[in-house]
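**Student:** Contents are compact mmCIF, C-alpha atoms (C1' of nucleotides); file name structure13.txt:
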# COMPACT_ATOMS: atom_id res chain seq x y z
CA MET A 1 98.03 97.22 132.83
CA ALA A 2 96.67 99.29 130.03
CA LEU A 3 95.30 97.28 127.13
CA GLU A 4 91.83 97.62 128.62
CA HIS A 5 92.29 101.33 128.78
CA ALA A 6 93.79 101.64 125.35
CA LEU A 7 90.68 99.88 124.04
CA LEU A 8 88.46 102.25 126.02
CA VAL A 9 90.23 105.22 124.44
CA SER A 10 89.87 103.73 120.99
CA LEU A 11 86.20 102.86 121.50
CA SER A 12 85.50 106.30 122.95
CA GLU A 13 86.68 107.81 119.69
CA ARG A 14 84.46 105.47 117.69
CA THR A 15 82.65 102.18 118.23
CA ALA A 16 84.23 99.15 116.60
CA SER A 17 84.30 95.38 116.36
CA GLY A 18 87.20 93.29 117.61
CA LEU A 19 88.81 93.02 114.23
CA GLU A 20 88.37 96.70 113.47
CA LEU A 21 90.08 97.48 116.78
CA THR A 22 92.91 95.18 115.83
CA ARG A 23 93.39 97.00 112.56
CA ARG A 24 93.11 100.37 114.20
CA PHE A 25 95.80 99.23 116.63
CA ASP A 26 98.00 98.39 113.68
CA ARG A 27 97.76 102.01 112.67
CA SER A 28 97.28 104.64 115.35
CA ILE A 29 97.36 103.84 119.07
CA GLY A 30 99.03 100.58 118.17
CA HIS A 31 102.24 102.44 117.38
CA PHE A 32 102.53 102.83 121.15
CA TRP A 33 100.63 99.84 122.39
CA THR A 34 100.64 96.63 120.39
CA ALA A 35 98.19 93.77 120.75
CA THR A 36 97.15 90.76 118.71
CA HIS A 37 93.56 90.08 117.75
CA GLN A 38 93.38 87.10 120.11
CA GLN A 39 94.28 89.23 123.04
CA ILE A 40 91.90 91.98 122.03
CA TYR A 41 89.02 89.52 121.80
CA ARG A 42 89.84 88.09 125.18
CA VAL A 43 90.08 91.47 126.84
CA LEU A 44 86.89 92.69 125.14
CA GLY A 45 85.11 89.65 126.58
CA ARG A 46 86.37 90.47 130.06
CA MET A 47 85.44 94.11 129.69
CA GLU A 48 81.93 93.21 128.62
CA LYS A 49 81.60 90.90 131.61
CA ASP A 50 82.75 93.76 133.85
CA GLY A 51 80.24 96.09 132.21
CA TRP A 52 82.79 98.54 130.79
CA VAL A 53 81.52 97.99 127.24
CA ARG A 54 78.39 96.62 125.65
CA SER A 55 78.15 94.88 122.28
CA GLU A 56 75.65 94.60 119.50
CA THR A 57 75.75 92.03 116.71
CA VAL A 58 75.60 93.67 113.31
CA ALA A 59 74.79 91.76 110.14
CA GLN A 60 76.89 92.62 107.11
CA GLN A 61 76.51 92.12 103.40
CA GLY A 62 78.72 89.41 102.01
CA ARG A 63 80.56 88.97 105.31
CA PRO A 64 80.05 87.26 108.64
CA ASP A 65 78.27 89.17 111.38
CA LYS A 66 80.39 91.37 113.55
CA LYS A 67 80.05 92.39 117.18
CA VAL A 68 80.30 96.13 117.56
CA TYR A 69 81.37 97.37 120.96
CA GLU A 70 80.66 100.67 122.62
CA VAL A 71 81.76 102.16 125.94
CA THR A 72 79.23 102.19 128.77
CA GLU A 73 78.97 104.74 131.56
CA PRO A 74 80.96 102.54 134.00
CA GLY A 75 83.58 102.17 131.28
CA ARG A 76 83.73 105.90 130.82
CA LEU A 77 84.17 106.40 134.56
CA GLU A 78 86.90 103.77 134.69
CA LEU A 79 88.77 105.47 131.88
CA GLU A 80 88.49 108.78 133.69
CA ARG A 81 89.76 107.20 136.89
CA TRP A 82 92.68 105.56 135.12
CA ILE A 83 93.75 108.75 133.36
CA ALA A 84 93.92 110.66 136.65
CA GLU A 85 95.84 107.86 138.37
CA PRO A 86 99.66 108.20 138.60
CA THR A 87 101.38 106.48 135.70
CA ALA A 88 104.16 104.05 136.41
CA GLY A 89 107.08 104.36 134.01
CA ASP A 90 106.64 101.70 131.37
CA PRO A 91 109.56 99.33 131.46
CA LEU A 92 111.66 99.56 128.34
CA ARG A 93 112.96 96.30 126.99
CA SER A 94 115.16 96.47 123.96
CA SER A 95 116.87 93.27 122.88
CA LEU A 96 118.84 95.24 120.33
CA MET A 97 120.45 97.29 123.08
CA VAL A 98 121.32 94.10 124.94
CA LYS A 99 122.86 92.65 121.80
CA PHE A 100 124.89 95.78 121.18
CA ARG A 101 126.17 95.67 124.69
CA GLY A 102 127.19 92.05 124.24
CA ALA A 103 128.54 92.44 120.71
CA SER A 104 132.03 91.30 121.64
CA TYR A 105 130.64 87.89 122.56
CA GLY A 106 129.18 87.32 119.10
CA ASP A 107 129.45 88.06 115.40
CA ARG A 108 129.90 91.79 115.04
CA ALA A 109 129.38 91.87 111.29
CA ALA A 110 126.01 90.17 111.63
CA LEU A 111 125.05 92.67 114.28
CA LEU A 112 125.97 95.63 112.11
CA GLU A 113 123.78 94.16 109.41
CA GLN A 114 120.91 93.96 111.89
CA ALA A 115 121.51 97.58 112.81
CA ARG A 116 121.25 98.56 109.16
CA GLU A 117 117.99 96.68 108.76
CA ARG A 118 116.57 98.28 111.84
CA LEU A 119 117.66 101.69 110.63
CA ASP A 120 115.84 101.04 107.41
CA GLU A 121 112.62 100.11 109.20
CA HIS A 122 112.74 103.21 111.34
CA ASN A 123 113.34 105.37 108.29
CA LYS A 124 110.30 103.86 106.63
CA ARG A 125 108.17 104.38 109.65
CA LEU A 126 109.34 107.93 110.08
CA ALA A 127 108.35 108.63 106.48
CA LEU A 128 104.91 107.17 107.19
CA TYR A 129 104.41 109.30 110.31
CA GLU A 130 105.54 112.42 108.53
CA HIS A 131 103.16 111.65 105.73
CA LEU A 132 100.34 111.36 108.27
CA VAL A 133 101.31 114.65 109.89
CA GLY A 134 101.34 116.41 106.54
CA ARG A 135 98.06 114.89 105.45
CA ASP A 136 96.03 115.35 108.62
CA TYR A 137 97.54 118.34 110.38
CA ALA A 138 98.32 121.02 107.84
CA ASP A 139 98.27 123.77 110.46
CA PRO A 140 99.01 122.42 113.95
CA SER A 141 98.76 125.83 115.59
CA THR A 142 95.01 125.84 115.09
CA LEU A 143 94.42 122.48 116.77
CA ASP A 144 92.62 121.99 120.06
CA GLY A 145 90.97 119.30 122.14
CA HIS A 146 91.20 115.74 120.97
CA ASP A 147 92.77 116.73 117.65
CA LEU A 148 95.66 118.38 119.43
CA ASP A 149 96.10 115.28 121.58
CA ALA A 150 96.18 113.01 118.56
CA TYR A 151 98.63 115.32 116.83
CA LEU A 152 100.99 115.47 119.80
CA VAL A 153 101.00 111.72 120.18
CA LEU A 154 101.86 111.38 116.53
CA ARG A 155 104.64 113.91 117.09
CA GLY A 156 105.87 111.58 119.82
CA GLY A 157 106.00 108.84 117.23
CA VAL A 158 108.01 111.05 114.88
CA ARG A 159 110.45 111.96 117.63
CA LEU A 160 110.80 108.35 118.71
CA GLU A 161 111.65 107.19 115.20
CA GLN A 162 114.10 110.06 114.94
CA PHE A 163 115.72 108.88 118.16
CA TRP A 164 116.27 105.39 116.77
CA ILE A 165 117.57 106.71 113.47
CA ASP A 166 120.01 109.08 115.11
CA TRP A 167 121.28 106.52 117.55
CA LEU A 168 121.61 103.68 115.07
CA THR A 169 123.46 106.06 112.78
CA GLU A 170 125.85 107.00 115.57
CA TYR A 171 126.34 103.32 116.32
CA LEU A 172 127.02 102.36 112.71
CA ASP A 173 129.36 105.33 112.20
CA ALA A 174 131.37 104.44 115.25
CA TRP A 175 131.79 100.84 114.13
CA THR A 176 132.44 101.40 110.45
CA LYS A 177 135.20 103.96 110.58
CA GLU A 178 137.94 102.86 108.23
CA SER A 179 140.27 101.87 111.05
CA ARG A 180 138.19 98.98 112.40
CA MET B 1 112.79 86.39 124.88
CA ALA B 2 115.91 88.00 126.13
CA LEU B 3 116.28 88.01 129.89
CA GLU B 4 118.33 84.81 129.64
CA HIS B 5 120.54 86.51 127.11
CA ALA B 6 120.81 89.75 129.03
CA LEU B 7 122.02 87.68 131.98
CA LEU B 8 124.52 85.87 129.75
CA VAL B 9 125.90 89.22 128.61
CA SER B 10 126.14 90.47 132.16
CA LEU B 11 127.78 87.26 133.40
CA SER B 12 130.19 87.27 130.46
CA GLU B 13 131.44 90.63 131.61
CA ARG B 14 131.87 89.37 135.15
CA THR B 15 130.60 86.48 137.28
CA ALA B 16 127.96 87.38 139.85
CA SER B 17 125.38 86.10 142.29
CA GLY B 18 121.66 86.56 141.77
CA LEU B 19 121.47 89.62 143.94
CA GLU B 20 124.54 91.21 142.38
CA LEU B 21 122.95 90.70 138.98
CA THR B 22 119.80 92.35 140.22
CA ARG B 23 121.75 95.37 141.38
CA ARG B 24 123.76 95.50 138.20
CA PHE B 25 120.49 95.47 136.30
CA ASP B 26 119.35 98.44 138.29
CA ARG B 27 122.33 100.31 136.93
CA SER B 28 123.64 99.37 133.50
CA ILE B 29 121.92 96.86 131.23
CA GLY B 30 118.86 97.30 133.38
CA HIS B 31 118.28 100.73 131.89
CA PHE B 32 117.22 98.82 128.78
CA TRP B 33 116.02 95.58 130.24
CA THR B 34 114.39 95.54 133.65
CA ALA B 35 113.88 92.52 135.86
CA THR B 36 113.10 91.85 139.49
CA HIS B 37 115.27 89.67 141.68
CA GLN B 38 112.60 86.96 141.82
CA GLN B 39 112.58 86.63 138.10
CA ILE B 40 116.35 86.67 137.89
CA TYR B 41 116.58 83.83 140.40
CA ARG B 42 114.03 81.81 138.54
CA VAL B 43 115.73 82.29 135.20
CA LEU B 44 119.16 81.57 136.66
CA GLY B 45 117.78 78.28 137.97
CA ARG B 46 116.47 77.38 134.53
CA MET B 47 119.72 78.38 132.87
CA GLU B 48 121.72 76.23 135.27
CA LYS B 49 119.43 73.28 134.56
CA ASP B 50 119.97 73.87 130.83
CA GLY B 51 123.72 74.02 131.36
CA TRP B 52 124.20 77.60 130.19
CA VAL B 53 125.72 78.65 133.51
CA ARG B 54 127.30 76.89 136.44
CA SER B 55 127.30 78.06 140.03
CA GLU B 56 129.59 77.88 142.99
CA THR B 57 128.59 78.61 146.57
CA VAL B 58 130.86 81.19 148.13
CA ALA B 59 131.01 81.76 151.91
CA GLN B 60 131.16 85.39 152.98
CA GLN B 61 132.21 87.14 156.14
CA GLY B 62 129.30 88.40 158.16
CA ARG B 63 126.79 87.55 155.44
CA PRO B 64 124.90 84.56 154.16
CA ASP B 65 126.56 82.42 151.51
CA LYS B 66 126.02 83.48 147.95
CA LYS B 67 125.86 81.46 144.74
CA VAL B 68 128.17 82.90 142.13
CA TYR B 69 127.28 82.08 138.54
CA GLU B 70 129.54 81.89 135.53
CA VAL B 71 128.85 81.24 131.87
CA THR B 72 129.68 77.78 130.53
CA GLU B 73 130.78 76.92 127.00
CA PRO B 74 127.21 75.97 125.94
CA GLY B 75 126.06 79.29 127.38
CA ARG B 76 128.71 81.13 125.42
CA LEU B 77 127.62 79.38 122.23
CA GLU B 78 123.98 80.16 122.91
CA LEU B 79 124.79 83.84 123.38
CA GLU B 80 126.73 83.84 120.13
CA ARG B 81 123.83 82.18 118.34
CA TRP B 82 121.32 84.63 119.76
CA ILE B 83 123.38 87.68 118.83
CA ALA B 84 123.60 86.57 115.19
CA GLU B 85 119.89 85.77 115.03
CA PRO B 86 117.57 88.41 113.51
CA THR B 87 116.11 90.68 116.17
CA ALA B 88 112.38 91.22 116.30
CA GLY B 89 111.41 94.80 117.01
CA ASP B 90 110.66 95.04 120.70
CA PRO B 91 107.07 96.08 121.19
CA LEU B 92 106.79 99.51 122.71
CA ARG B 93 104.08 99.97 125.29
CA SER B 94 103.67 103.40 126.75
CA SER B 95 100.65 103.99 128.97
CA LEU B 96 101.51 107.66 129.06
CA MET B 97 101.06 107.93 125.30
CA VAL B 98 97.71 106.16 125.59
CA LYS B 99 96.65 108.55 128.32
CA PHE B 100 97.68 111.56 126.29
CA ARG B 101 95.72 110.28 123.38
CA GLY B 102 92.65 109.85 125.58
CA ALA B 103 93.11 113.06 127.54
CA SER B 104 89.75 114.48 126.50
CA TYR B 105 88.02 111.61 128.31
CA GLY B 106 89.62 112.46 131.65
CA ASP B 107 91.07 115.18 133.84
CA ARG B 108 93.48 117.17 131.72
CA ALA B 109 95.00 119.11 134.60
CA ALA B 110 95.91 115.88 136.39
CA LEU B 111 97.49 114.60 133.22
CA LEU B 112 99.59 117.72 132.75
CA GLU B 113 100.81 117.24 136.31
CA GLN B 114 101.81 113.69 135.45
CA ALA B 115 103.64 114.95 132.40
CA ARG B 116 105.59 117.37 134.60
CA GLU B 117 106.55 114.61 137.01
CA ARG B 118 107.65 112.39 134.18
CA LEU B 119 109.68 115.23 132.69
CA ASP B 120 111.38 115.64 136.02
CA GLU B 121 112.29 111.96 136.22
CA HIS B 122 113.73 111.97 132.74
CA ASN B 123 115.76 115.07 133.51
CA LYS B 124 117.19 113.37 136.57
CA ARG B 125 118.04 110.27 134.65
CA LEU B 126 119.62 112.23 131.84
CA ALA B 127 121.83 113.98 134.37
CA LEU B 128 122.85 110.59 135.75
CA TYR B 129 123.71 109.21 132.33
CA GLU B 130 125.68 112.29 131.41
CA HIS B 131 127.55 112.02 134.65
CA LEU B 132 128.43 108.42 133.79
CA VAL B 133 129.58 109.41 130.33
CA GLY B 134 131.79 112.15 131.73
CA ARG B 135 133.22 109.94 134.44
CA ASP B 136 133.91 106.79 132.42
CA TYR B 137 134.47 107.95 128.87
CA ALA B 138 136.56 111.07 128.88
CA ASP B 139 137.73 110.56 125.30
CA PRO B 140 135.25 108.42 123.32
CA SER B 141 137.28 108.61 120.12
CA THR B 142 139.89 106.31 121.62
CA LEU B 143 137.47 103.56 122.57
CA ASP B 144 137.32 100.14 120.97
CA GLY B 145 135.90 96.67 121.57
CA HIS B 146 133.64 96.15 124.51
CA ASP B 147 134.28 99.62 125.90
CA LEU B 148 133.01 101.20 122.72
CA ASP B 149 129.91 98.99 122.88
CA ALA B 150 129.19 99.98 126.45
CA TYR B 151 129.72 103.64 125.60
CA LEU B 152 127.39 103.54 122.61
CA VAL B 153 124.66 101.83 124.59
CA LEU B 154 124.98 104.51 127.23
CA ARG B 155 124.75 107.10 124.46
CA GLY B 156 121.50 105.39 123.48
CA GLY B 157 120.28 105.97 127.01
CA VAL B 158 121.20 109.63 126.81
CA ARG B 159 119.42 110.03 123.50
CA LEU B 160 116.35 108.21 124.77
CA GLU B 161 116.06 110.46 127.81
CA GLN B 162 116.52 113.44 125.54
CA PHE B 163 113.67 112.17 123.37
CA TRP B 164 111.31 112.02 126.35
CA ILE B 165 112.36 115.42 127.60
CA ASP B 166 111.91 117.06 124.21
CA TRP B 167 108.59 115.45 123.57
CA LEU B 168 107.13 116.07 127.03
CA THR B 169 108.27 119.68 126.73
CA GLU B 170 106.52 120.01 123.38
CA TYR B 171 103.41 118.46 124.91
CA LEU B 172 103.39 120.73 127.92
CA ASP B 173 104.07 123.82 125.82
CA ALA B 174 101.22 123.03 123.49
CA TRP B 175 98.78 122.58 126.36
CA THR B 176 99.85 125.47 128.54
CA LYS B 177 99.74 128.29 126.04
CA GLU B 178 97.89 131.21 127.59
CA SER B 179 94.80 130.65 125.45
CA ARG B 180 93.81 127.29 126.87
C1' DG C 1 80.90 71.14 93.40
C1' DC C 2 85.24 71.94 95.33
C1' DC C 3 89.04 74.62 96.76
C1' DA C 4 91.57 78.72 97.99
C1' DC C 5 91.14 82.76 100.28
C1' DC C 6 89.21 86.55 103.12
C1' DT C 7 86.50 88.22 107.20
C1' DA C 8 85.36 87.41 111.82
C1' DT C 9 85.34 85.37 116.40
C1' DG C 10 87.30 82.67 119.65
C1' DC C 11 89.69 78.62 122.75
C1' DA C 12 93.81 76.41 124.82
C1' DA C 13 98.33 76.08 126.02
C1' DC C 14 102.35 78.25 126.71
C1' DT C 15 105.86 81.92 128.04
C1' DA C 16 107.15 86.03 130.46
C1' DG C 17 106.86 89.12 134.07
C1' DT C 18 104.86 90.90 138.77
C1' DT C 19 103.48 90.80 143.56
C1' DG C 20 103.52 89.11 147.96
C1' DC C 21 105.67 86.57 151.11
C1' DA C 22 108.76 83.14 153.64
C1' DA C 23 113.01 81.58 155.29
C1' DC C 24 117.48 82.00 156.84
C1' DC C 25 121.95 84.13 158.33
C1' DC C 26 124.42 87.64 160.34
C1' DT C 27 125.30 92.27 162.76
C1' DG C 28 124.39 95.86 165.92
C1' DC C 29 121.66 98.01 169.55
C1' DG C 30 119.34 98.37 174.04
C1' DC D 1 119.06 88.06 175.55
C1' DG D 2 115.73 89.75 172.14
C1' DC D 3 114.76 92.24 168.28
C1' DA D 4 115.31 95.26 164.25
C1' DG D 5 117.43 95.44 159.91
C1' DG D 6 120.06 94.32 155.85
C1' DG D 7 121.73 90.49 152.73
C1' DT D 8 120.52 86.35 150.25
C1' DT D 9 117.79 82.91 148.19
C1' DG D 10 113.62 81.29 146.89
C1' DC D 11 108.27 79.61 146.36
C1' DA D 12 103.42 80.47 144.97
C1' DA D 13 99.92 82.78 142.86
C1' DC D 14 98.63 86.00 139.76
C1' DT D 15 98.53 89.00 135.45
C1' DA D 16 99.78 89.90 130.76
C1' DG D 17 101.00 88.63 126.32
C1' DT D 18 102.10 85.05 122.47
C1' DT D 19 101.45 81.11 119.50
C1' DG D 20 98.88 77.81 117.33
C1' DC D 21 94.76 76.36 116.03
C1' DA D 22 89.47 75.87 115.37
C1' DT D 23 85.15 77.33 113.58
C1' DA D 24 82.16 79.43 110.44
C1' DG D 25 80.20 82.38 106.69
C1' DG D 26 81.04 84.23 102.27
C1' DT D 27 83.36 85.17 97.43
C1' DG D 28 85.41 83.85 93.28
C1' DG D 29 87.97 80.67 90.21
C1' DC D 30 88.13 76.23 87.76
Output the file's structure in the form of structure tokens.
**Tutor:**
Amino acid sequence: MALEHALLVSLSERTASGLELTRRFDRSIGHFWTATHQQIYRVLGRMEKDGWVRSETVAQQGRPDKKVYEVTEPGRLELERWIAEPTAGDPLRSSLMVKFRGASYGDRAALLEQARERLDEHNKRLALYEHLVGRDYADPSTLDGHDLDAYLVLRGGVRLEQFWIDWLTEYLDAWTKESR
Amino acid sequence: MALEHALLVSLSERTASGLELTRRFDRSIGHFWTATHQQIYRVLGRMEKDGWVRSETVAQQGRPDKKVYEVTEPGRLELERWIAEPTAGDPLRSSLMVKFRGASYGDRAALLEQARERLDEHNKRLALYEHLVGRDYADPSTLDGHDLDAYLVLRGGVRLEQFWIDWLTEYLDAWTKESR
DNA sequence: GCCACCTATGCAACTAGTTGCAACCCTGCG
DNA sequence: CGCAGGGTTGCAACTAGTTGCATAGGTGGC
């Protein structure tokens, strides 16, 4: 299980409240580990109980108070331990692949339409990632430390989107040749 | 949720017992939707109660009886319905990506070792997939219907492994340049 | 003043998936 | 015989994640 640890990584980079973490998840780490705000709150509560993070209530102008979390020393040690620990392969679960495999038991035209929509989404997301690369990493060869890590993970995102685009294109091509 | 539907696809191709389904999952559909035998049994039970499948106990020589499941008409209709339904993007959760992102808060050498192991696994799996392609689909251009579907899904597997290999290689290269 | 809407935190109930184990049948070995 | 080992089905308890909703403070429009 890794949501705890994803939050530790995010909070190590910068302290944040639950909602800020949620939004950050919608943008950076969240491309590779999704979570809803409810779950983040729950896990933050557990982590605080376990002493991995501590929180401070911060008053805001024109807004409700927020609870800002920061990583404690035990939290830091736990993150270190987890990073060194062997990583189990994360199970992939793609309903789209299952649908494609079972296409002959359903409406193929509808499925092709879904493939097109998915292709569109991945194209959009690829454009976003490439925009981020261009904006934040003008010269990757000079990067080091945490910046290089962040860049390489973003590169993973680019490659992953490219994978989907290429494969969905192959799929659509194969099924929309004139003869079918 | 899609395990039910993955099982319907698998059983549409050929009837099977719980354990046979488990093994089939370890090989074909299971590359894109994993499940343990316990879960498969539980879901099969629920599906039978809902009338999506029916089972028949088959005596075997030298082995315990097995319960062979087959898809019923309501099950077939449900599969059809599900295939036509819009597909939500399956959340990706990769602990390895989270670890890479947080590498500066842990032991980088240990992480590079994990990357190498993962690269190795993906290379092995790519070799397996390519073997399957070569063995079962000598001439893809002649395929149609369910065979084409199965081939394209396998191609997705190949491309996915290739994605991991390329990205892990980029990652390792970036972090093992002489200067670091 | 009241309502719609945004920020922020959170509970409860549900669904999905994992881990650990039990039970049972049969075969083959010493 | 007795016991290890594989095949087969399954229960129970746990962990993780989702959905729906509640609460509460504040802003801005009518």
**Student:** At a cut-off of 10 Å, list the chain A residues touching chain C, using only C-alpha atoms (C1' of nucleotides), as a list in words.
**Tutor:**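 Result: Ser17, Gly18, Leu19, Glu20, His37, Gln38, Tyr41, Arg42, Gly62, Arg63, Pro64, Asp65, Lys66 and Lys67 of chain A.
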**Student:** Separation of CA of Met97 (chain A) and CA of Ala6 (chain A), in Å?
**Tutor:** 27.1 Å
**Student:** Which one of A:His31, A:Arg54, A:Arg125, A:Arg135 sits closest to chain B if you count only C-alpha atoms?
**Tutor:**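 Counting only C-alpha atoms, the residue closest to chain B is A:His31.
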**Student:** List as a Markdown table every residue of chain D that is in contact with chain B, defined as an atom at most 8 Å from one of its atoms (using only C-alpha atoms (C1' of nucleotides)), together with the nearest atom pair and the distance in Å rounded to one decimal, sorted by chain and then rising number.
**Tutor:**
| residue | atom | partner | partner_atom | distance |
| --- | --- | --- | --- | --- |
| D:DG7 | C1' | B:Arg63 | CA | 6.4 |
| D:DT8 | C1' | B:Pro64 | CA | 6.1 |
| D:DT9 | C1' | B:Tyr41 | CA | 7.9 |
| D:DG10 | C1' | B:Tyr41 | CA | 7.6 |
**Student:** What are the closest atom pairs, with distances in Å to one decimal, for all residues of chain A lying within 7 Å of chain B? Consider all atoms listed in the file, order rows by chain and residue number, and present the result as JSON lines.
**Tutor:**
{"residue": "A:Ala2", "atom": "CA", "partner": "B:Ser95", "partner_atom": "CA", "distance": 6.2}
{"residue": "A:Ala6", "atom": "CA", "partner": "B:Val98", "partner_atom": "CA", "distance": 6.0}
{"residue": "A:Val9", "atom": "CA", "partner": "B:Gly102", "partner_atom": "CA", "distance": 5.3}
{"residue": "A:Ile29", "atom": "CA", "partner": "B:Val98", "partner_atom": "CA", "distance": 6.9}
{"residue": "A:Phe32", "atom": "CA", "partner": "B:Arg93", "partner_atom": "CA", "distance": 5.3}
{"residue": "A:Trp33", "atom": "CA", "partner": "B:Arg93", "partner_atom": "CA", "distance": 4.5}
{"residue": "A:Thr34", "atom": "CA", "partner": "B:Pro91", "partner_atom": "CA", "distance": 6.5}
{"residue": "A:Glu80", "atom": "CA", "partner": "B:Gly106", "partner_atom": "CA", "distance": 4.4}
{"residue": "A:Ile83", "atom": "CA", "partner": "B:Gly106", "partner_atom": "CA", "distance": 5.8}
{"residue": "A:Ala84", "atom": "CA", "partner": "B:Ala110", "partner_atom": "CA", "distance": 5.6}
{"residue": "A:Pro86", "atom": "CA", "partner": "B:Gln114", "partner_atom": "CA", "distance": 6.7}
{"residue": "A:Thr87", "atom": "CA", "partner": "B:Leu96", "partner_atom": "CA", "distance": 6.7}
{"residue": "A:Asp90", "atom": "CA", "partner": "B:Ser94", "partner_atom": "CA", "distance": 5.7}
{"residue": "A:Pro91", "atom": "CA", "partner": "B:Thr34", "partner_atom": "CA", "distance": 6.5}
{"residue": "A:Leu92", "atom": "CA", "partner": "B:Phe32", "partner_atom": "CA", "distance": 5.6}
{"residue": "A:Arg93", "atom": "CA", "partner": "B:Trp33", "partner_atom": "CA", "distance": 4.5}
{"residue": "A:Ser94", "atom": "CA", "partner": "B:Asp90", "partner_atom": "CA", "distance": 5.7}
{"residue": "A:Ser95", "atom": "CA", "partner": "B:Ala2", "partner_atom": "CA", "distance": 6.3}
{"residue": "A:Leu96", "atom": "CA", "partner": "B:Thr87", "partner_atom": "CA", "distance": 6.7}
{"residue": "A:Met97", "atom": "CA", "partner": "B:Val153", "partner_atom": "CA", "distance": 6.4}
{"residue": "A:Val98", "atom": "CA", "partner": "B:Ala6", "partner_atom": "CA", "distance": 6.0}
{"residue": "A:Lys99", "atom": "CA", "partner": "B:Ile83", "partner_atom": "CA", "distance": 5.8}
{"residue": "A:Phe100", "atom": "CA", "partner": "B:Asp149", "partner_atom": "CA", "distance": 6.2}
{"residue": "A:Arg101", "atom": "CA", "partner": "B:Asp149", "partner_atom": "CA", "distance": 5.3}
{"residue": "A:Gly102", "atom": "CA", "partner": "B:Val9", "partner_atom": "CA", "distance": 5.4}
{"residue": "A:Ser104", "atom": "CA", "partner": "B:His146", "partner_atom": "CA", "distance": 5.9}
{"residue": "A:Tyr105", "atom": "CA", "partner": "B:Glu80", "partner_atom": "CA", "distance": 6.1}
{"residue": "A:Gly106", "atom": "CA", "partner": "B:Glu80", "partner_atom": "CA", "distance": 4.4}
{"residue": "A:Asp107", "atom": "CA", "partner": "B:Ala84", "partner_atom": "CA", "distance": 6.0}
{"residue": "A:Ala110", "atom": "CA", "partner": "B:Ala84", "partner_atom": "CA", "distance": 5.6}
{"residue": "A:Leu111", "atom": "CA", "partner": "B:Ala84", "partner_atom": "CA", "distance": 6.3}
{"residue": "A:Gln114", "atom": "CA", "partner": "B:Pro86", "partner_atom": "CA", "distance": 6.7}
{"residue": "A:Gly145", "atom": "CA", "partner": "B:Ser104", "partner_atom": "CA", "distance": 6.6}
{"residue": "A:His146", "atom": "CA", "partner": "B:Ser104", "partner_atom": "CA", "distance": 5.9}
{"residue": "A:Asp149", "atom": "CA", "partner": "B:Arg101", "partner_atom": "CA", "distance": 5.3}
{"residue": "A:Ala150", "atom": "CA", "partner": "B:Arg101", "partner_atom": "CA", "distance": 5.6}
{"residue": "A:Leu152", "atom": "CA", "partner": "B:Tyr171", "partner_atom": "CA", "distance": 6.4}
{"residue": "A:Val153", "atom": "CA", "partner": "B:Arg101", "partner_atom": "CA", "distance": 6.3}
{"residue": "A:Gly156", "atom": "CA", "partner": "B:Trp167", "partner_atom": "CA", "distance": 6.0}
{"residue": "A:Arg159", "atom": "CA", "partner": "B:Phe163", "partner_atom": "CA", "distance": 6.6}
{"residue": "A:Leu160", "atom": "CA", "partner": "B:Phe163", "partner_atom": "CA", "distance": 6.7}
{"residue": "A:Phe163", "atom": "CA", "partner": "B:Phe163", "partner_atom": "CA", "distance": 6.5}
{"residue": "A:Trp167", "atom": "CA", "partner": "B:Gly156", "partner_atom": "CA", "distance": 6.0}
{"residue": "A:Tyr171", "atom": "CA", "partner": "B:Leu152", "partner_atom": "CA", "distance": 6.4}
**Student:** What separation in Å, quoted to one decimal, exists between C1' of DA24 (chain D) and CA of Glu56 (chain A)?
**Tutor:**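 These atoms are spaced 18.8 Å apart.
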**Student:** Mind checking which residues fall within 7 Å of Ser55 (chain A), counting only C-alpha atoms (C1' of nucleotides), ignoring those fewer than 4 positions away in the same chain, and posting them as a short mmCIF file (atom, residue, chain, number, x, y, z; two decimals) with C-alpha atoms, keeping the file's coordinate frame?
**Tutor:**
data_model
loop_
_atom_site.label_atom_id
_atom_site.label_comp_id
_atom_site.auth_asym_id
_atom_site.auth_seq_id
_atom_site.Cartn_x
_atom_site.Cartn_y
_atom_site.Cartn_z
CA LYS A 67 80.05 92.39 117.18
CA VAL A 68 80.30 96.13 117.56
CA TYR A 69 81.37 97.37 120.96
CA GLU A 70 80.66 100.67 122.62
#
**Student:** Take CA of Val58 (chain A) and C1' of DG25 (chain D) and report the distance between them in Å, one decimal.
**Tutor:**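 Pair CA of Val58 (chain A) / C1' of DG25 (chain D) returns 13.9 Å.
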**Student:** Hey, which of B:Asp120, B:Glu48, B:Glu4, B:Asp26 ends up closest to Thr169 (chain B)? Count all atoms listed in the file.
**Tutor:**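 Residue with the minimum atom-to-atom distance to Thr169 (chain B): B:Asp120.
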**Student:** Which residue, B:Thr36, B:His131, B:Pro74, B:Thr22, has the smallest gap to Lys49 (chain B) when you use only C-alpha atoms?
**Tutor:**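 Comparing B:Thr36, B:His131, B:Pro74, B:Thr22 against Lys49 (chain B), the winner is B:Pro74.
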